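Q: For reference, the structure I am asking about is given below.
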Amino acid sequence: MPANPPFDAQSSAKPRVRFAPSPTGYLHVGGARTALFNWLFARHFDGTLVLRIEDTDLQRSTAEMVEGILRGLQWLGIHWDEGPYYQTKRMDLYRAAAQKLLEFGAAYYCFCGKEELEKRRAAATAEGRPPRYEGTCRGISREEALRRKNAGEPAALRFAIPEGGSTSFDDAVFQKVEFANSELEDFVLLRSDGNPTYHLSVVADDIDLRITHIIRGADHISNTPKQVLLYKALGAPLPVFAHVPLILGPDKTRLSKRHGATSVMAYREEGIVPEAFRNFLALLGWTPPEGSPEILNDTELIRLFGLDAISRSNAVFDRGKLDWFNTEYIRAYSAERLLPLIEEEWKRAGINPGPHDRGWLLSTIDLLKPRARSLKDFAGSFRAFFADNFEADPAAVEKFLKDANVRHLLIELAQRYAALPEFTEQETERVLREFAVEKNVKAGALINGARVALTGQGVAPSLFAVMCSLGKDRTVVRMKNVEQLMGAVSTAT
RNA sequence: GGCGCUAUCGUCUAGGGGUUAGGACGGAAGAUUCUCAAUCUUCAAACCCGGGUUCGAUUCCCGGUAGCGCUACCA
């Protein structure tokens with residue numbers, strides 16, 4: 001039984017959680033997963049998700065990154081209820097907290113210069129000692145410190161870690177975690193320019209925003225005892241901490257650009273549908289109850305989600321599994337829902353599907369979607385359905401069209417189709433099969449060759465469905481032009 | 001280096017003192033013959049190592065190893 005019991009849904013208080021990205025970069029996969037877990041938790045308990053932008057690193061934070069992060073969250077369908085709050089606009093809160101800490105005797109001014117500290121750290125490391133701040137300025141009397149400070153001497157404010165003992169907390173994922181206080185250093189609360197550092201601003205904000213559960217990456221575990229000490233020094237009740245394992249690349253090192261796309265938006269560009277990405281992310285480090293399927297919509301995700309089922313070990317980002325989720329979602333989506341997403345792909349690929357009516361577009365998408373792995377396919381390997389300028393896959397040509405006789409027969413067959421009054425699946429198939437018998441060739445050879453002639457691909461839906469989708473005119477023209485495909489191949493290879 | 005966390009198929013994971021160690025992705029084979037990236041069927045694939053506790057450890061404990069994290073006047 002953990003000392004911090006899991007949040008009690010029966011209690012009147014609804015949980016308040018937050019996602020607090022730092023706008024020094026785009027929304028990356030790890031951040032998105034953290035945001036997702038917070039959102040799922042808030043929705044599950046009918047609580048509140050607060051968005052807070054941690055932009056106290058003035059040098060590296062930009063408005064563009066904030067914009068990108070918000071867009072990423074929106075794309076994923078993660079909606080926050082409060083905020084965004086900007087830390088740079090809440091400086092008074094942090095300074096007041098710092099002042100309080102100073103008055104309580106939990107903080108003191110430090111006059112050590114940056115270079116001086118670096119030198120000492122380097123020396124300590126060289127001598128094999130832990131490079132911790134030794135509390136040099138801790139002994140300076142309060143009056144003396146105030147005098148020097150008021151005289152204009154630059155000073156940072158440091159937190160005074162209690163001597164001896166240990167600090168522990170009960171993590172909803174990792175259970176009890178304990179650190180000896182001797183391992184913690186007197187960290188900086190206020191820089192000498194008066195701006196707060198991370199620890200101070202997070203804790204002051206989380207107290208002020210009445211955050212009940214802090215769900216964040218496991219890389220913050222080591223920071224937590226310092227923050228626990230801050231809560232105590234400030235006399236505030238502790239929230240429940242829940243640290244979620246990190247996401248790794250295939251080589252089991254922390255996911256980074258080396259492994260490919262780490263930006264959430266890059267996956268949109270790759271033709272991933274947001275629900276698929278969200279579903280995939282949810283299952284990275286969290287497992288639904290036994291017997292649950294893995295394809296889970298937002299309602300199911302929210303209903304099933306719980307902190308207790310979060311894993312304690314890091315998870316490798318498996319691109320292949322993401323693609324599987326994507327195919328499942330594309331297949332399950334209605335053509336109506338797919339169409340606007342596909343139109344974006346066409347725009348990007350410079351495809352204008354022409355004068356087709358909406359009904360044709362929808363039925364063609366339905367025909368194609370069981371074989372789609374990405375939205376990109378609708379502008380890529382399915383291009384021939386929506387544009388007349390397409391390139392043939394050389395491997396498909398090689399496999400099904402290298403026989404000149406097949407090509408000649410296809411051209412001849414095109415004449416028959418041209419004369420066919422009723423261009424339906426049944427009729428086109430009947431004509432082709434009779435033609436095959438007449439010419440004493442296997443129908444399959446004609447079918448496969450025709451598929452390549454019509455779509456440029458060796459893989460496509462049933463040929464006669466393809467013909468009907470394309471219509472008589474385009475079918476006839478493409479079959480007649482089959483030799484041109486050969487030319488394209490020989491020049492391409 | 002110090003401190004912390006973690007360790008089940010290639011990957012995500014279930015399980016838990018006695019199990020044929022379960023599922024999903026991926027892989028392999030077969031079926032379908034109108035292609036396959038579709039569909040169906042089948043198969044291969046794991047408890048990090050060493051001690052201890054126990055009648056019995058993959059499961060509990062300790063140690064080792066490995067991986068990851070933190071170790072800033074970054075967040």
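In the structure tokens, chains take the letters A, B, ... in the order shown, each chain's residues start at 1, and ligands count up from 1 in the order shown.
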With 6 Å as the cut-off and only C-alpha atoms (C1' of nucleotides) counted, what is the closest atom pair between each nearby residue of chain A and chain B? Distances in Å to one decimal, ordered by chain and number, as CSV.

A:
residue,atom,partner,partner_atom,distance
A:Pro130,CA,B:G2,C1',6.0
A:Arg191,CA,B:C73,C1',4.6
A:Asp219,CA,B:G69,C1',5.2
A:Ser222,CA,B:C70,C1',5.2
A:Ser313,CA,B:U6,C1',5.2
A:Lys321,CA,B:C25,C1',5.0
A:Gly444,CA,B:C34,C1',6.0
A:Gly458,CA,B:U35,C1',5.7
A:Val459,CA,B:U35,C1',5.2

Q: List the spatial neighbours of Glu344 in chain A as JSON, numbers by chain - criterion: any atom at most 12 Å away, only C-alpha atoms (C1' of nucleotides), same-chain residues fewer than 3 positions off excluded.

A: {"A": [268, 269, 270, 271, 338, 339, 340, 341, 347, 348, 349, 350, 351, 352, 375, 376, 378, 379]}

Q: If you run DSSP on the backbone, which residues of range 9-222 of chain A are strand (DSSP E), as an MDAnalysis selection string?

A: chainID A and resid 16:19 48:53 82:86 107:110 156:159 166:171 175:180 188:190 213:217

Q: Please, which residues of range 152-321 of chain A, numbered as in this document, come out alpha helix (DSSP H) from DSSP, as an MDAnalysis selection string?

A: chainID A and resid 198:208 224:233 264:269 274:282 298:304 319:321

Q: May I have the residues from that selection written out with C-alpha atoms, as a PDB file, in the first residue's frame?

A:
ATOM      1  CA  TYR A 198      13.494  25.466 -13.045  1.00  0.00           C
ATOM      2  CA  HIS A 199      13.039  23.966  -9.578  1.00  0.00           C
ATOM      3  CA  LEU A 200      11.657  27.115  -8.042  1.00  0.00           C
ATOM      4  CA  SER A 201       9.322  27.987 -10.872  1.00  0.00           C
ATOM      5  CA  VAL A 202       7.887  24.494 -11.259  1.00  0.00           C
ATOM      6  CA  VAL A 203       7.177  24.064  -7.593  1.00  0.00           C
ATOM      7  CA  ALA A 204       5.800  27.577  -7.114  1.00  0.00           C
ATOM      8  CA  ASP A 205       3.601  27.085 -10.172  1.00  0.00           C
ATOM      9  CA  ASP A 206       2.414  23.622  -9.267  1.00  0.00           C
ATOM     10  CA  ILE A 207       1.460  24.871  -5.814  1.00  0.00           C
ATOM     11  CA  ASP A 208      -0.228  27.973  -7.182  1.00  0.00           C
ATOM     12  CA  THR A 224      12.079  15.179  -7.366  1.00  0.00           C
ATOM     13  CA  PRO A 225      13.683  15.105  -3.900  1.00  0.00           C
ATOM     14  CA  LYS A 226      14.775  18.709  -4.351  1.00  0.00           C
ATOM     15  CA  GLN A 227      11.246  19.636  -5.268  1.00  0.00           C
ATOM     16  CA  VAL A 228       9.803  17.637  -2.396  1.00  0.00           C
ATOM     17  CA  LEU A 229      12.040  19.625  -0.072  1.00  0.00           C
ATOM     18  CA  LEU A 230      10.753  22.845  -1.638  1.00  0.00           C
ATOM     19  CA  TYR A 231       7.145  21.853  -1.071  1.00  0.00           C
ATOM     20  CA  LYS A 232       7.956  21.141   2.541  1.00  0.00           C
ATOM     21  CA  ALA A 233       9.865  24.373   3.046  1.00  0.00           C
ATOM     22  CA  VAL A 264       5.368  14.803 -33.720  1.00  0.00           C
ATOM     23  CA  MET A 265       4.621  16.922 -36.757  1.00  0.00           C
ATOM     24  CA  ALA A 266       7.071  14.931 -38.837  1.00  0.00           C
ATOM     25  CA  TYR A 267       4.742  11.964 -38.464  1.00  0.00           C
ATOM     26  CA  ARG A 268       1.852  13.942 -39.821  1.00  0.00           C
ATOM     27  CA  GLU A 269       4.046  14.746 -42.784  1.00  0.00           C
ATOM     28  CA  PRO A 274      -3.435  11.362 -35.546  1.00  0.00           C
ATOM     29  CA  GLU A 275      -5.573   8.715 -33.881  1.00  0.00           C
ATOM     30  CA  ALA A 276      -3.124   6.020 -34.912  1.00  0.00           C
ATOM     31  CA  PHE A 277      -0.224   7.963 -33.482  1.00  0.00           C
ATOM     32  CA  ARG A 278      -2.096   8.599 -30.273  1.00  0.00           C
ATOM     33  CA  ASN A 279      -3.054   4.943 -29.904  1.00  0.00           C
ATOM     34  CA  PHE A 280       0.521   3.875 -30.546  1.00  0.00           C
ATOM     35  CA  LEU A 281       1.912   6.369 -28.046  1.00  0.00           C
ATOM     36  CA  ALA A 282      -0.568   5.329 -25.381  1.00  0.00           C
ATOM     37  CA  ASP A 298     -10.069   7.906 -27.367  1.00  0.00           C
ATOM     38  CA  THR A 299     -13.157   6.893 -25.393  1.00  0.00           C
ATOM     39  CA  GLU A 300     -11.716   3.473 -24.641  1.00  0.00           C
ATOM     40  CA  LEU A 301      -8.287   4.877 -23.872  1.00  0.00           C
ATOM     41  CA  ILE A 302      -9.794   7.292 -21.380  1.00  0.00           C
ATOM     42  CA  ARG A 303     -11.949   4.628 -19.797  1.00  0.00           C
ATOM     43  CA  LEU A 304      -9.094   2.147 -19.406  1.00  0.00           C
ATOM     44  CA  ARG A 319       8.226   2.346 -36.149  1.00  0.00           C
ATOM     45  CA  GLY A 320       6.877  -0.872 -37.651  1.00  0.00           C
ATOM     46  CA  LYS A 321       4.180  -1.061 -35.034  1.00  0.00           C
TER      47      LYS A 321
END

Q: Could you give me, as a PyMOL selection string, the residues within 12 Å of Ile69 in chain A, counting only C-alpha atoms (C1' of nucleotides) and dropping anything in the same chain fewer than 5 positions from it?

A: chain A and resi 19-29+31-32+35+51-54+61-64+74-76+78+84+263-265

Q: Hey, can you spit out that residue selection with C-alpha atoms as a compact mmCIF listing (two decimals), in the first residue's frame?

A:
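Everything below was put into out.txt:
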# COMPACT_ATOMS: atom_id res chain seq x y z
CA PHE A 19 1.73 19.41 -19.18
CA ALA A 20 4.63 21.81 -18.95
CA PRO A 21 6.79 21.84 -22.07
CA SER A 22 9.78 24.03 -22.53
CA PRO A 23 9.59 25.85 -25.87
CA THR A 24 13.23 25.29 -26.68
CA GLY A 25 12.23 22.77 -29.33
CA TYR A 26 9.29 21.30 -31.17
CA LEU A 27 6.88 18.86 -29.58
CA HIS A 28 8.80 15.62 -29.57
CA VAL A 29 7.58 12.08 -29.18
CA GLY A 31 6.72 15.08 -24.66
CA ALA A 32 3.67 14.10 -26.64
CA ALA A 35 0.99 15.12 -22.56
CA LEU A 51 -0.96 23.73 -20.03
CA ARG A 52 2.03 25.68 -18.88
CA ILE A 53 4.86 26.95 -21.02
CA GLU A 54 8.18 26.79 -19.20
CA SER A 61 12.73 29.77 -25.88
CA THR A 62 10.90 31.09 -28.90
CA ALA A 63 7.34 31.96 -29.78
CA GLU A 64 7.61 29.76 -32.87
CA GLN A 74 -4.07 19.94 -31.33
CA TRP A 75 -3.16 17.55 -34.09
CA LEU A 76 -3.03 14.71 -31.58
CA ILE A 78 -5.06 16.56 -26.79
CA PRO A 84 -1.44 28.15 -21.54
CA SER A 263 9.01 15.72 -33.94
CA VAL A 264 5.37 14.80 -33.72
CA MET A 265 4.62 16.92 -36.76

Q: Looking at A:Asp357, A:Asn195, A:Glu183, A:Leu283, which one is nearest to Leu93 in chain A, with distances taken over only C-alpha atoms?

A: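 Under the stated criterion, the closest residue is A:Asn195.
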
Q: Given the choices A:Thr197, A:Asn440, A:Ser141, A:Asn314, which gets closest to Gln87 in chain A if the distance is worked out from only C-alpha atoms?

A: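 The shortest atom-to-atom distance to Gln87 in chain A comes from A:Thr197.
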
Q: Could you check which of A:Asn181, A:Ile365, A:Pro245, A:Asp55 is closest to Ala309 in chain A, using only C-alpha atoms?

A: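 Distance minimum relative to Ala309 in chain A lands on A:Pro245.
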
Q: So how many Å separate CA of Ile211 in chain A and CA of Val17 in chain A, to one decimal?

A: 5.4 Å

Q: Let me make sure I understand: among B:G64, B:G18, B:U58, B:A28, which one has the smallest atom-to-atom distance to A45 in chain B if we use only C-alpha atoms (C1' of nucleotides)?

A: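 Ranked by minimum distance to A45 in chain B, first place goes to B:A28.
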
Q: So, counting only C-alpha atoms, which residue among A:Ile272, A:Leu463, A:Gly194, A:Gly359 is closest to Lys149 in chain A?

A: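 With only C-alpha atoms as the atom set, the closest residue is A:Gly194.
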
Q: Taking 4 positions as the minimum chain separation for residues in the same chain, which residues sit within 9 Å of Ile161 in chain A when counting only C-alpha atoms (C1' of nucleotides)? Answer as a list in words.

A: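 Near Ile161 in chain A, the qualifying residues are Ala106, Ala107, Asn181, Ser182, Leu184, Glu185, Asp186, Phe187, Lys226 and Leu229 of chain A.
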
Q: Could you list, as a list in words, every residue within 12 Å of A44 in chain B, counting only C-alpha atoms (C1' of nucleotides) and ignoring same-chain residues fewer than 2 positions away?

A: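 With the cut-off at 12 Å, the set is C9, G27, A28, A29 and U42 of chain B.
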
Q: Just the number, please: distance in Å from C1' of A46 in chain B to CA of Gly249 in chain A, one decimal.

A: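 Taking C1' of A46 in chain B and CA of Gly249 in chain A, their separation equals 20.5 Å.
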